[in-house]
$ cat start-v7.txt   # compact mmCIF, C-alpha atoms
# COMPACT_ATOMS: atom_id res chain seq x y z
CA GLY F 729 78.65 76.75 86.97
CA VAL F 730 81.18 76.46 84.14
CA GLU F 731 78.57 77.27 81.50
CA LYS F 732 78.10 80.74 83.00
CA GLY F 733 81.80 81.21 83.75
CA ILE F 734 81.37 81.22 87.53
CA PRO F 735 84.67 79.43 88.39
CA SER F 736 86.66 81.70 86.07
CA MET F 737 84.96 84.77 87.50
CA ILE F 738 85.75 83.74 91.08
CA VAL F 739 89.40 82.99 90.30
CA ALA F 740 89.86 86.29 88.45
CA ALA F 741 88.14 88.23 91.23
CA SER F 742 90.29 86.56 93.88
CA SER F 743 93.42 87.83 92.14
CA PHE F 744 92.00 91.35 92.17
CA ASP F 745 91.04 90.85 95.81
CA ASP F 746 94.68 90.00 96.58
CA VAL F 747 95.77 93.24 94.93
CA VAL F 748 93.29 95.24 97.01
CA ALA F 749 94.30 93.46 100.23
CA ILE F 750 98.03 93.92 99.63
CA THR F 751 97.52 97.55 98.66
CA GLY F 752 95.45 98.24 101.77
CA TYR F 753 98.04 96.53 103.96
CA SER F 754 100.88 98.52 102.40
CA VAL F 755 99.11 101.84 102.97
CA THR F 756 97.97 101.17 106.53
CA SER F 757 101.20 99.53 107.71
CA GLY F 758 103.17 102.45 106.31
CA LEU F 759 101.09 104.83 108.41
CA ALA F 760 101.18 102.60 111.49
CA PHE F 761 104.97 102.27 111.57
CA ALA F 762 105.75 105.81 110.49
CA THR F 763 109.34 106.84 111.22
CA GLY F 764 110.16 109.62 108.75
CA THR F 765 108.67 112.97 107.84
CA LEU F 766 104.94 113.50 107.54
CA ALA F 767 105.14 113.59 103.73
CA TYR F 768 107.07 110.33 103.62
CA ASN F 769 104.68 108.65 106.06
CA ILE F 770 101.75 109.61 103.84
CA LEU F 771 103.45 108.41 100.67
CA VAL F 772 105.09 105.21 101.96
CA GLY F 773 101.96 103.12 101.31
CA PRO F 774 101.46 104.23 97.69
CA ILE F 775 105.23 103.89 97.18
CA ASN F 776 104.95 100.23 98.24
CA VAL F 777 102.23 99.70 95.66
CA LEU F 778 104.04 101.51 92.86
CA VAL F 779 107.32 99.70 93.53
CA GLY F 780 105.50 96.36 93.46
CA ILE F 781 103.66 97.17 90.22
CA ALA F 782 106.75 98.57 88.47
CA GLY F 783 109.02 95.77 89.62
CA GLY F 784 106.48 93.06 88.82
CA THR F 785 105.96 94.52 85.35
CA LEU F 786 109.71 94.56 84.75
CA GLY F 787 110.05 90.98 85.99
CA GLY F 788 107.19 89.88 83.74
CA VAL F 789 108.79 91.53 80.71
CA VAL F 790 112.06 89.72 81.45
CA MET F 791 110.11 86.46 81.30
CA TRP F 792 108.98 87.29 77.75
CA PHE F 793 112.47 86.41 76.43
CA THR F 794 111.46 82.82 75.77
CA ALA F 795 114.24 82.32 73.23
CA VAL F 796 116.71 82.92 76.07
CA TRP F 797 114.79 80.91 78.68
CA ASN F 798 114.29 78.23 76.05
CA ASN F 799 113.18 75.30 78.21
CA PRO F 800 110.80 74.84 81.13
CA PHE F 801 113.60 74.46 83.68
CA LYS F 802 115.13 77.82 82.76
CA ARG F 803 111.78 79.64 82.71
CA ILE F 804 110.66 78.29 86.06
CA SER F 805 114.05 78.85 87.71
CA VAL F 806 114.35 82.45 86.49
CA PHE F 807 110.75 83.21 87.45
CA ILE F 808 111.26 81.95 91.02
CA LEU F 809 114.68 83.57 91.44
CA ILE F 810 113.39 87.00 90.38
CA VAL F 811 110.52 86.82 92.86
CA LEU F 812 112.78 85.58 95.68
CA ALA F 813 115.35 88.32 95.05
CA ALA F 814 112.59 90.94 95.02
CA SER F 815 111.10 89.55 98.25
CA TYR F 816 114.40 89.62 100.16
CA ALA F 817 115.27 93.09 98.86
CA ALA F 818 111.84 94.48 99.74
CA ARG F 819 111.96 92.96 103.20
CA HIS F 820 115.40 94.46 103.79
CA ILE F 821 114.03 97.96 103.15
CA HIS F 822 110.76 97.18 104.99
CA TYR F 823 108.61 97.22 101.85
CA THR F 824 106.88 93.90 102.53
CA GLY F 825 103.73 94.89 100.62
CA ALA F 826 105.80 95.69 97.53
CA ALA F 827 107.21 92.13 97.51
CA ALA F 828 103.77 90.51 97.50
CA MET F 829 102.52 92.89 94.82
CA TRP F 830 105.66 92.23 92.73
CA ALA F 831 105.05 88.47 92.70
CA LEU F 832 101.41 88.86 91.69
CA ILE F 833 102.02 91.40 88.92
CA GLN F 834 104.99 89.46 87.51
CA GLY F 835 102.83 86.40 86.94
CA ILE F 836 100.09 88.43 85.26
CA VAL F 837 102.46 90.31 82.93
CA ALA F 838 104.43 87.18 82.02
CA ASN F 839 101.24 85.31 81.11
CA ILE F 840 99.99 88.17 78.96
CA GLY F 841 103.25 88.30 77.03
CA TRP F 842 103.44 84.55 76.51
CA SER F 843 99.86 84.17 75.33
CA ARG F 844 99.93 87.20 73.00
CA GLY F 845 103.42 86.68 71.64
CA TYR F 846 105.06 89.97 72.54
CA MET F 847 108.62 90.42 71.21
CA THR F 848 108.16 87.54 68.78
CA SER F 849 109.19 89.85 65.94
CA ASN F 850 112.79 89.15 67.00
CA PRO F 851 113.36 85.35 66.99
CA ARG F 852 116.57 85.83 68.98
CA LEU F 853 114.54 87.14 71.92
CA ALA F 854 111.22 85.31 71.88
CA THR F 855 109.59 82.24 70.38
CA PRO F 856 106.01 82.25 68.98
CA ALA F 857 103.11 82.80 71.36
CA SER F 858 102.16 79.79 73.41
CA LYS F 859 99.91 79.20 76.40
CA GLU F 860 101.91 76.14 77.40
CA TYR F 861 104.57 78.29 79.10
CA ALA F 862 102.05 79.51 81.68
CA ALA F 863 100.59 76.01 82.05
CA GLN F 864 104.03 74.55 82.81
CA ILE F 865 104.88 77.14 85.45
CA GLU F 866 101.41 76.94 86.96
CA HIS F 867 101.64 73.17 87.30
CA VAL F 868 105.13 73.12 88.80
CA LEU F 869 104.46 75.98 91.21
CA GLY F 870 101.18 74.31 92.19
CA VAL F 871 103.01 71.11 93.12
CA PHE F 872 105.74 73.10 94.88
CA TRP F 873 103.11 75.05 96.81
CA LYS F 874 101.34 71.91 98.01
CA LEU F 875 104.51 70.07 99.03
CA VAL F 876 106.81 72.86 100.25
CA GLN F 877 105.59 76.46 100.29
CA GLY F 878 102.13 75.90 101.77
CA PRO F 879 103.28 73.82 104.76
CA LEU F 880 106.18 76.22 105.42
CA LEU F 881 104.00 79.32 105.21
CA PHE F 882 101.21 78.11 107.46
CA GLY F 883 103.60 76.26 109.77
CA THR F 884 105.66 79.42 110.25
CA ILE F 885 102.71 81.63 111.09
CA GLY F 886 101.41 78.95 113.46
CA ALA F 887 104.80 78.71 115.17
CA ALA F 888 104.82 82.49 115.62
CA MET F 889 101.71 82.27 117.79
CA ASP F 890 102.35 82.06 121.52
CA PHE F 891 99.01 81.76 123.26
CA SER F 892 100.66 82.13 126.66
CA VAL F 893 101.38 85.81 125.97
CA ILE F 894 98.05 86.63 124.29
CA PRO F 895 95.58 88.31 126.66
CA SER F 896 92.37 86.33 127.04
CA SER F 897 90.35 89.35 125.91
CA THR F 898 92.12 89.47 122.52
CA ILE F 899 90.66 86.25 121.08
CA PRO F 900 86.96 87.25 121.38
CA LYS F 901 87.81 90.61 119.83
CA ALA F 902 89.62 88.88 116.95
CA ILE F 903 86.62 86.61 116.31
CA ALA F 904 84.30 89.63 116.43
CA ILE F 905 86.40 91.45 113.83
CA ILE F 906 86.25 88.42 111.54
CA ALA F 907 82.48 88.06 112.01
CA ILE F 908 81.88 91.76 111.27
CA GLY F 909 84.04 91.52 108.17
CA LEU F 910 82.13 88.49 106.88
CA ALA F 911 78.78 90.13 107.69
CA ILE F 912 79.72 92.94 105.28
CA ARG F 913 81.75 90.92 102.79
CA LEU F 914 79.17 88.25 101.94
CA PRO F 915 76.20 90.53 101.16
CA MET F 916 78.45 92.78 99.10
CA ALA F 917 79.70 89.77 97.12
CA PHE F 918 76.07 88.81 96.45
CA VAL F 919 75.19 92.35 95.35
CA SER F 920 78.29 92.73 93.18
CA VAL F 921 77.20 89.98 90.76
CA MET F 922 73.71 91.35 90.20
CA GLY F 923 73.23 91.96 86.52
CA ALA F 924 75.78 89.26 85.61
CA GLY F 925 73.11 86.85 84.38
CA LEU F 926 73.19 84.66 87.49
CA ASN F 927 70.18 83.35 89.39
CA ASN F 928 69.87 83.69 93.16
CA PRO F 929 71.39 80.28 94.05
CA GLU F 930 74.40 81.07 91.87
CA LYS F 931 74.78 84.50 93.47
CA LEU F 932 74.63 82.82 96.86
CA PHE F 933 77.41 80.42 95.83
CA VAL F 934 79.60 83.34 94.74
CA ALA F 935 79.07 84.94 98.14
CA ILE F 936 79.87 81.69 99.96
CA SER F 937 83.05 81.23 97.94
CA TRP F 938 84.35 84.47 99.47
CA ILE F 939 84.24 83.14 103.03
CA GLY F 940 87.66 81.47 103.03
CA LYS F 941 90.71 83.60 103.82
CA ALA F 942 94.18 82.15 104.16
CA THR F 943 97.04 82.94 101.79
CA VAL F 944 97.38 86.72 102.12
CA GLN F 945 96.70 86.48 105.86
CA ALA F 946 99.46 83.90 106.26
CA ALA F 947 101.90 85.85 104.09
CA LEU F 948 101.40 89.25 105.74
CA GLY F 949 99.84 88.45 109.13
CA SER F 950 103.13 88.32 111.02
CA ALA F 951 104.85 91.17 109.17
CA ALA F 952 103.78 93.87 111.65
CA TYR F 953 104.77 91.71 114.61
CA ASP F 954 108.18 90.93 113.09
CA TYR F 955 108.77 94.59 112.29
CA ALA F 956 107.97 95.60 115.86
CA LEU F 957 110.41 93.01 117.25
CA GLU F 958 113.20 94.24 114.95
CA GLN F 959 113.11 97.79 116.28
CA ASP F 960 115.85 99.06 118.57
CA PRO F 961 114.72 99.81 121.18
CA VAL F 962 111.65 97.58 121.11
CA ASN F 963 108.38 99.43 121.70
CA PRO F 964 106.11 97.23 123.90
CA ASP F 965 102.98 98.88 122.55
CA GLU F 966 103.95 98.17 118.95
CA VAL F 967 104.76 94.56 119.84
CA ARG F 968 101.32 94.18 121.40
CA TYR F 969 99.62 95.71 118.37
CA GLY F 970 101.58 93.43 116.03
CA LEU F 971 100.59 90.40 118.11
CA ASP F 972 96.94 91.46 117.92
CA ILE F 973 97.18 91.62 114.13
CA LEU F 974 98.83 88.21 114.04
CA THR F 975 96.09 86.78 116.25
CA VAL F 976 93.35 88.06 113.96
CA ALA F 977 95.18 86.64 110.91
CA VAL F 978 95.59 83.19 112.50
CA PHE F 979 91.97 82.97 113.62
CA ALA F 980 90.81 84.19 110.20
CA ILE F 981 92.63 81.21 108.70
CA LEU F 982 91.45 78.72 111.32
CA LEU F 983 87.79 79.76 111.11
CA THR F 984 87.15 80.78 107.51
CA ALA F 985 89.38 78.48 105.43
CA PRO F 986 87.84 75.16 106.56
CA ALA F 987 84.33 76.64 106.62
CA GLY F 988 84.74 78.01 103.08
CA VAL F 989 86.01 74.72 101.66
CA ILE F 990 83.28 72.66 103.35
CA LEU F 991 80.49 74.97 102.21
CA ILE F 992 81.80 75.14 98.64
CA PHE F 993 81.98 71.36 98.30
CA LYS F 994 78.67 70.72 100.04
CA LEU F 995 76.57 73.50 98.51
CA GLY F 996 78.24 73.80 95.11
CA PRO F 997 76.46 70.78 93.56
CA LYS F 998 73.14 72.01 94.98
CA LEU F 999 73.40 75.67 93.99
CA LEU F 1000 75.10 75.33 90.60
CA THR F 1001 74.12 73.53 87.40
CA LYS F 1002 76.60 70.97 86.10
CA ALA F 1003 77.43 71.47 82.43
CA GLU F 1004 78.43 68.67 80.10
CA PRO F 1005 81.92 69.23 78.62
CA HIS F 1006 80.86 68.22 75.11
CA LYS F 1007 77.92 70.60 75.24
CA LEU F 1008 80.23 73.46 76.22
CA LEU F 1009 82.57 72.66 73.32
CA ALA F 1010 79.65 72.41 70.93
CA ASP F 1011 78.25 75.77 72.08
CA GLU F 1012 81.65 77.45 71.65
CA ALA F 1013 81.95 75.96 68.20
CA ALA F 1014 78.43 77.12 67.31
CA ILE F 1015 79.24 80.67 68.42
CA ALA F 1016 82.45 80.68 66.37
CA ALA F 1017 80.59 79.31 63.34
CA GLY F 1018 77.85 81.93 63.65
CA GLU F 1019 75.02 79.50 64.37
CA ILE F 1020 74.37 80.78 67.87
CA SER F 1021 74.85 84.18 69.46
CA PRO F 1022 76.97 84.56 72.60
CA ASP F 1023 73.84 85.15 74.72
CA GLY F 1024 72.56 81.67 73.79
CA GLN F 1025 69.87 82.67 71.25
CA PHE F 1026 69.87 80.30 68.26
CA GLU F 1027 69.95 81.84 64.79
CA LEU F 1028 69.64 78.71 62.63
CA SER F 1029 67.41 80.40 60.09
CA GLU F 1030 70.26 82.69 59.00
CA HIS F 1031 73.10 80.19 59.33
CA SER F 1032 71.54 76.85 58.42
CA GLY F 1033 74.25 76.20 55.82
CA ARG F 1034 77.15 76.25 58.30
CA THR F 1035 77.02 72.67 59.55
CA GLU F 1036 80.43 71.97 58.03
CA ASP F 1037 81.94 75.01 59.79
CA ARG F 1038 80.48 73.90 63.08
CA SER F 1039 81.90 70.38 62.75
CA ARG F 1040 85.30 71.83 61.94
CA MET F 1041 85.19 74.15 64.98
CA GLU F 1042 84.13 71.29 67.25
CA GLU F 1043 87.08 69.22 66.06
CA GLU F 1044 89.47 72.15 66.62
CA TYR F 1045 88.20 72.70 70.16
CA MET F 1046 88.55 69.02 71.02
CA THR F 1047 92.09 68.95 69.61
CA GLU F 1048 93.05 72.05 71.59
CA LEU F 1049 91.63 70.50 74.76
CA GLU F 1050 93.60 67.28 74.21
CA TYR F 1051 96.79 69.28 73.61
CA ARG F 1052 96.40 71.28 76.82
CA GLU F 1053 95.73 68.17 78.88
CA GLU F 1054 98.80 66.42 77.48
CA SER F 1055 100.95 69.54 77.91
CA ILE F 1056 100.09 69.86 81.60
CA LYS F 1057 100.38 66.11 82.19
CA HIS F 1058 103.94 65.99 80.90
CA ALA F 1059 105.13 69.40 82.17
CA VAL F 1060 107.10 67.98 85.08
CA ASP F 1061 108.51 65.11 83.01
CA ASN F 1062 109.86 67.54 80.42
CA ILE F 1063 111.16 70.16 82.83
CA SER F 1064 114.80 69.08 82.65
CA LYS F 1065 114.81 68.01 79.01
CA PRO F 1066 116.66 70.26 76.54
CA SER F 1067 114.47 72.28 74.23
CA ASP F 1068 114.95 73.25 70.61
CA GLY F 1069 114.28 76.81 71.71
CA ASP F 1070 111.01 77.04 69.86
CA GLY F 1071 107.87 76.25 71.87
CA GLY F 1072 105.71 77.23 68.92
CA LYS F 1073 107.47 74.69 66.69
CA ALA F 1074 106.76 71.91 69.20
CA ARG F 1075 103.13 72.97 69.32
CA GLN F 1076 102.84 72.91 65.52
CA GLN F 1077 104.46 69.46 65.34
CA TRP F 1078 101.97 68.12 67.90
CA PHE F 1079 98.99 69.43 65.93
CA ARG F 1080 100.35 68.04 62.63
CA LYS F 1081 100.78 64.63 64.26
CA ARG F 1082 97.25 64.77 65.74
CA LYS F 1083 95.79 65.78 62.38
CA ALA F 1084 97.56 62.90 60.67
CA ASN F 1085 96.18 60.48 63.26
CA ASN F 1086 92.66 61.86 62.74
CA SER F 1087 92.98 61.38 58.98
CA ALA F 1088 94.15 57.80 59.47
CA ASP F 1089 91.21 57.09 61.80
CA LYS F 1090 88.77 58.45 59.22

$ encode --input "start-v7.txt" --output "structure tokens"
Amino acid sequence: GVEKGIPSMIVAASSFDDVVAITGYSVTSGLAFATGTLAYNILVGPINVLVGIAGGTLGGVVMWFTAVWNNPFKRISVFILIVLAASYAARHIHYTGAAAMWALIQGIVANIGWSRGYMTSNPRLATPASKEYAAQIEHVLGVFWKLVQGPLLFGTIGAAMDFSVIPSSTIPKAIAIIAIGLAIRLPMAFVSVMGAGLNNPEKLFVAISWIGKATVQAALGSAAYDYALEQDPVNPDEVRYGLDILTVAVFAILLTAPAGVILIFKLGPKLLTKAEPHKLLADEAAIAAGEISPDGQFELSEHSGRTEDRSRMEEEYMTELEYREESIKHAVDNISKPSDGDGGKARQQWFRKRKANNSADK
């Protein structure tokens, strides 16, 4: 499915889905646990969203100062500390949705600034644009998530469940809610990619990939229950409602996450077409050289004299691919090493060395 951009589309859409889910949670939880005036109760949900977007944008802009955070250790540490501080502060004022939104927006804004080179006009503030900054943080946070954050998050929400106090009638209702949600979600996912140039098996795979639910449910599933327990005096009805929400979240994880993973791995090879990496690179080079249009229609009659350009573009794509692989491979090894403060300089040195090696091979 890589040739049609299906994995990239699913990953991008999942980020947007997180924004929608967090926004919906912020609005509805603000109304459910209303304590102030009517105007405040109506606005508390949108306030959560706006605080998260504004704070995340500010945090992302702070990360643009790559000349200050001039090595991977500094960048990763500052990134994590900002998000943690925002999370604790938001929880203290009962703006849990704002914290989740903050973390998501900060990553997006930081990546945009790094890849486009914002603030690079002042070398004291920022180094030249580089995609390796995002790759380093993505790799380290991915390892940290697998080894620490993931087990803690799902272990905590599992420990919060006490089946002895859950009424027996709640579990079937929770499963019914999940089934109804999937019955609407999957057809809508199929319909939403109509007109995107996908065939029916590929549309079906996109729909199947939306079965699994876990991260947002684990992060926010217990928030209502915790909030109800923190009230003085404790309202038994609110505690029961919070426990119902937690039950639905836990069963959504238990039922949909394994099913989604199994179906993706089993049906993916059958529903999608595997593309050869060298063919993808060659097609991208042909598009850049003008030999082929982006929709795949060859135009050799008009561009038959561009073979040299195509070869050059293929070589550039292969070099870029090798650089990215090496950058990610050594991200953890280099995390504590001092930097010269110029990520762009290191990138240029790597490409000069690779070009020299290519010339020697020829």

$ residues_around --input "start-v7.txt" --residues "Thr824 of chain F" --least-positions-apart "4" --cutoff "12 Å" --atoms "only C-alpha atoms" --output "MDAnalysis selection string"
chainID F and resid 750:751 753:755 757:758 772:773 775:777 779:780 814:820 828:831 944 947:952 954:955

$ closest_residue --input "start-v7.txt" --among "F:Ile939, F:Ile808, F:Ala863, F:Leu766" --to "Ile992 of chain F" --atoms "all atoms listed in the file"
F:Ile939

$ closest_residue --input "start-v7.txt" --among "F:Ala862, F:Ile973, F:Leu999, F:Ala813" --to "Ala935 of chain F" --atoms "all atoms listed in the file"
F:Leu999

$ closest_residue --input "start-v7.txt" --among "F:Ala924, F:Val730, F:Met889, F:Ile781" --to "Pro997 of chain F" --atoms "only C-alpha atoms"
F:Val730
